Amino acid sequence: MIQRQKGCNDIYGREAKVWKYIDTVIDAMMEKYNYNYIRTPIFEATELFHRGVGETTDIVTKESYDFEDKGGRKITLRPEGTAGVVRSFIENKMYGDPNQPVKVYYNGTMYRYERPQSGRDRELTQFGMEILGSDDPLTDAEIISAAVNVFKMLGLKEIKVNLNSLGDNESRDNYRKALVDYFKPHINELCEDCVERLEKNPLRILDCKVDAENEVLKNAPKTLDYLTEESRDRFEKVQEYLEIMQIDYTINPNIVRGLDYYNHTVFEIEAKVEGFGSNNVLGGGGRYNGLVNQLDGPETPCVGFASGIGRLVKALELEEVKVPIVEDIDLFIMYVNEEEKKYAAYLTQELRLAGFIVDTEYTGRSLKGQFKQADRLNAKYICVLNSEDLDNNEVKIKNNKTKEEEVISLDALIYYLDEKLTTEVEDDECDCGCGHHHEHGECEHGECKCSHHHEEKGE
RNA sequence: GCGUCAUUGGUGAAGUGGUUAACACGCUAGUUUGUGGCACUAGUACGCAAGAGUUCGAUUCUCUUAUGACGCCCCA
């Protein structure tokens with residue numbers, strides 16, 4: 001048997017519906033923030049990631065899916081979304097668009113050659129957003145608020161925003177130097193990995209798990225102490241805007257982020273759910289003012305965020321968030337003989353075009369088996385075709401909840417179903433107890449007391 | 001790249017170096033001459049991830065490979 005590739009997943013059935021639902025929430029929220037959807041290729045020139053993401057990062061050095069195509073081009077499957085968006089921004093000269101800044105979002109698969117574990121796969125789906133062309137601290141706050149609101153709209157409650165600032169290049173360099181100077185004399189007190197990190201990426205020592213309780217680490221210099229005055233002002237403005245937007249956050253000086261291109265604001269959004277495992281960061285992002293220029297575009301300040309959909313799905317599960325997905329059908333059409341079957345074929349076609357969710361029998365089950373199947377599909381109504389009825393131009397239709405059965409004229413069928421099914425929706429109050437009616441459990445009323453989908457409306 | 005544990009039918013799983021690999025769910029059919037969801041009965045694995053080895057004999061022991069779960073590095 002041919003198996004799927006390591007670290008890849010087949011998403012289907014109920015889970016696939018959850019994924020689709022998440023996509024619709026993202027689309028809806030991004031529309032409100034006025035971000036445009038952007039699709040860039042899944043593979044790019046290898047050089048893009050080497051220059052963009054950083055030569056020294058693991059993501060490029062050992063986790064990338066590199067290959068050569070038949071034309072000898074060096075290709076890499078994208079490990080993250082920002083580099084492609086920036087390439088596209090430059091190549092399509094979006095910096096020339098009078099409509100600045102450019103606000104875009106993406107949602108697609110990324111590839112990293114690494115060992116799978118909880119919340120980590122080789123093929124992963126990320127959605128992300130970028131604002132290109134503004135250095136305004138308001139955009140930093142907006143990105144964070146957009147991310148938080150997507151999570152909130154999904155129904156997640158246990159999330160935490162960790163915020164930090166790396167400052168401008170000067171601050172960053174100063175800090176890095178101070179950090180190395182500080183750790184050098186204590187090198188023997190650090191774990192093996194940290195010794196290596198001191199050379200490669202000293203900032204990462206700060207979120208070492210082994211040394212987390214180490215006094216040396218606790219007393220290490222903090223990024224914030226090394227910010228230039230300008231960087232500090234900037235960071236304070238970001239915080240001020242977040243407060244105005246009523247976004248809860250925690251300053252966490254240990255957030256450093258993995259990719260080389262970040263400066264100033266960096267943040268991570270964590271799921272605070274029991275049982276999430278070690279990879280509980282739902283998403284993260286920050287400012288990358290140097291990247292566009294580094295990739296041969298004009299100096300362009302940018303800020304962005306990305307989040308793994310797989311982890312969101314997991315968070316929704318662990319928080320037991322009720323996901324509003326349709327799991328029932330309007331009508332199941334049953335038949336026994338060939339003549340009835342033909343009519344079933346006609347009727348399904350007719351009713352589907354009229355807008356109903358209709359299914360029928362395809363495997364030759366007995367009538368009994370068809371009833372079971374109708375239940376499995378959660379059919380609201382069942383239609384049992386009968387040659388005699390059909391000769392009279394009539395059809396039997398049964399409410400699968402109340403078990404009431406009626407014989408109605410074929411001509412009236414669409415009208416009948418329409419009436420029945422709409423009434424039913426109205427009877428179907430949302431489980432939040434707000435007393436209002438809405439399909440898919442999504443309440444549209446601000447005064448609703450339910451915990452789902454509308455925190456941003458002030459409950 | 002490193003580590004720990006795992007891999008039995010459509011599903012959940014029990015189990016043993018040796019004739020027919022439990023049990024449950026599911027599924028299909030019948031009891032019920034075209035109206036089910038309960039009940040009863042029957043059927044439902046070319047066989048215990050793949051390959052090699054040890055053995056008179058392996059699903060059960062060893063090794064290799066693959067995949068999965070979790071962790072490390074790193075990272076969303």
# chains A, B, ... in the order shown; residues from 1 in each chain; ligands from 1
>>> closest_atom_pairs(of="chain A", to="chain B", cutoff="6 Å", atoms="only C-alpha atoms (C1' of nucleotides)", output="JSON lines")
{"residue": "A:Gly283", "atom": "CA", "partner": "B:A76", "partner_atom": "C1'", "distance": 5.2}
{"residue": "A:Ser307", "atom": "CA", "partner": "B:A76", "partner_atom": "C1'", "distance": 5.4}
{"residue": "A:Gly308", "atom": "CA", "partner": "B:A76", "partner_atom": "C1'", "distance": 5.1}
{"residue": "A:Lys368", "atom": "CA", "partner": "B:G36", "partner_atom": "C1'", "distance": 4.8}
{"residue": "A:Phe371", "atom": "CA", "partner": "B:G36", "partner_atom": "C1'", "distance": 4.8}
>>> write_last_selection(atoms="N, CA and C atoms", output="PDB file, in the first residue's frame")
ATOM      1  N   GLY A 283       0.587  31.417  16.743  1.00  0.00           N
ATOM      2  CA  GLY A 283       1.066  32.258  15.660  1.00  0.00           C
ATOM      3  C   GLY A 283       1.992  33.323  16.195  1.00  0.00           C
ATOM      4  N   SER A 307       0.065  32.295  11.211  1.00  0.00           N
ATOM      5  CA  SER A 307      -0.464  31.352  12.178  1.00  0.00           C
ATOM      6  C   SER A 307      -0.733  30.014  11.502  1.00  0.00           C
ATOM      7  N   GLY A 308      -0.485  28.937  12.213  1.00  0.00           N
ATOM      8  CA  GLY A 308      -0.705  27.612  11.653  1.00  0.00           C
ATOM      9  C   GLY A 308      -2.140  27.161  11.857  1.00  0.00           C
ATOM     10  N   LYS A 368     -34.924  -0.940   4.414  1.00  0.00           N
ATOM     11  CA  LYS A 368     -34.473  -0.829   5.800  1.00  0.00           C
ATOM     12  C   LYS A 368     -33.096  -0.165   5.872  1.00  0.00           C
ATOM     13  N   PHE A 371     -33.279   3.512   5.259  1.00  0.00           N
ATOM     14  CA  PHE A 371     -33.681   4.288   6.432  1.00  0.00           C
ATOM     15  C   PHE A 371     -32.489   4.546   7.335  1.00  0.00           C
TER      16      PHE A 371
END
>>> residues_around(residues="Arg204 (chain A)", least_positions_apart="6", cutoff="9 Å", atoms="only C-alpha atoms (C1' of nucleotides)", output="PyMOL selection string")
chain A and resi 194+197-198+254-258
>>> write_last_selection(atoms="N, CA and C atoms", output="mmCIF file, in the first residue's frame")
data_model
loop_
_atom_site.group_PDB
_atom_site.id
_atom_site.type_symbol
_atom_site.label_atom_id
_atom_site.label_comp_id
_atom_site.auth_asym_id
_atom_site.auth_seq_id
_atom_site.Cartn_x
_atom_site.Cartn_y
_atom_site.Cartn_z
ATOM 1 N N CYS A 194 22.933 25.763 24.720
ATOM 2 C CA CYS A 194 23.109 27.200 24.881
ATOM 3 C C CYS A 194 24.528 27.628 24.528
ATOM 4 N N ARG A 197 24.440 28.023 21.039
ATOM 5 C CA ARG A 197 23.630 29.181 20.667
ATOM 6 C C ARG A 197 24.386 30.488 20.852
ATOM 7 N N LEU A 198 25.285 30.489 21.839
ATOM 8 C CA LEU A 198 26.043 31.710 22.107
ATOM 9 C C LEU A 198 26.787 32.149 20.860
ATOM 10 N N ASN A 254 11.570 37.713 26.557
ATOM 11 C CA ASN A 254 12.220 36.532 26.000
ATOM 12 C C ASN A 254 11.734 36.161 24.610
ATOM 13 N N ILE A 255 10.751 36.885 24.128
ATOM 14 C CA ILE A 255 10.285 36.607 22.774
ATOM 15 C C ILE A 255 11.298 37.188 21.799
ATOM 16 N N VAL A 256 11.969 36.341 21.049
ATOM 17 C CA VAL A 256 12.961 36.868 20.121
ATOM 18 C C VAL A 256 12.658 36.499 18.668
ATOM 19 N N ARG A 257 11.873 35.440 18.458
ATOM 20 C CA ARG A 257 11.500 35.000 17.105
ATOM 21 C C ARG A 257 12.688 34.392 16.366
ATOM 22 N N GLY A 258 12.356 33.489 15.486
ATOM 23 C CA GLY A 258 13.405 32.716 14.867
ATOM 24 C C GLY A 258 14.008 33.301 13.609
#
>>> residues_around(residues="Ser165 (chain A)", least_positions_apart="3", cutoff="8 Å", atoms="only C-alpha atoms (C1' of nucleotides)", output="PyMOL selection string")
chain A and resi 223-224+235+253+263-266
>>> select_by_dssp(residues="region 132-300 of chain A", states="strand (DSSP E or B)", output="list in words")
Leu132, Ile159, Lys160, Val161, Asn162, Leu163, Asn164, Ser165, Thr250, Ile251, Asn263, His264, Thr265, Val266, Phe267, Glu268, Ile269, Glu270, Ala271, Val281, Leu282, Gly283, Gly284, Gly285, Gly286 and Arg287 of chain A
>>> residues_around(residues="region 7-21 of chain B", least_positions_apart="3", cutoff="8 Å", atoms="only C-alpha atoms (C1' of nucleotides)", output="number ranges by chain")
B: 24-27, 45, 48-49, 57-60, 68
>>> atom_distance(atom1="CA of Asp359 (chain A)", atom2="CA of Asn392 (chain A)")
23.6 Å
>>> residues_around(residues="region 94-104 of chain A", least_positions_apart="6", cutoff="10 Å", atoms="only C-alpha atoms (C1' of nucleotides)", output="list of chain:residue names")
A:Met30, A:Tyr33, A:Asn34, A:Tyr35, A:Asn36, A:Tyr37, A:Ile38, A:Arg39, A:Val85, A:Val86, A:Ser88, A:Gly128, A:Met129, A:Glu130, A:Ile131, A:Leu132, A:Gly133, A:Ser134, A:Asp135, A:Thr139, A:Ile143, A:Gly297, A:Pro298, A:Glu299, A:Thr300, A:Pro301, A:Cys302, A:Val303, A:Gly304
>>> atom_distance(atom1="C1' of A52 (chain B)", atom2="C1' of U64 (chain B)")
7.6 Å
>>> closest_residue(among="A:Leu217, A:Asn293, A:Phe305, A:Lys372", to="Ile90 (chain A)", atoms="only C-alpha atoms")
A:Asn293
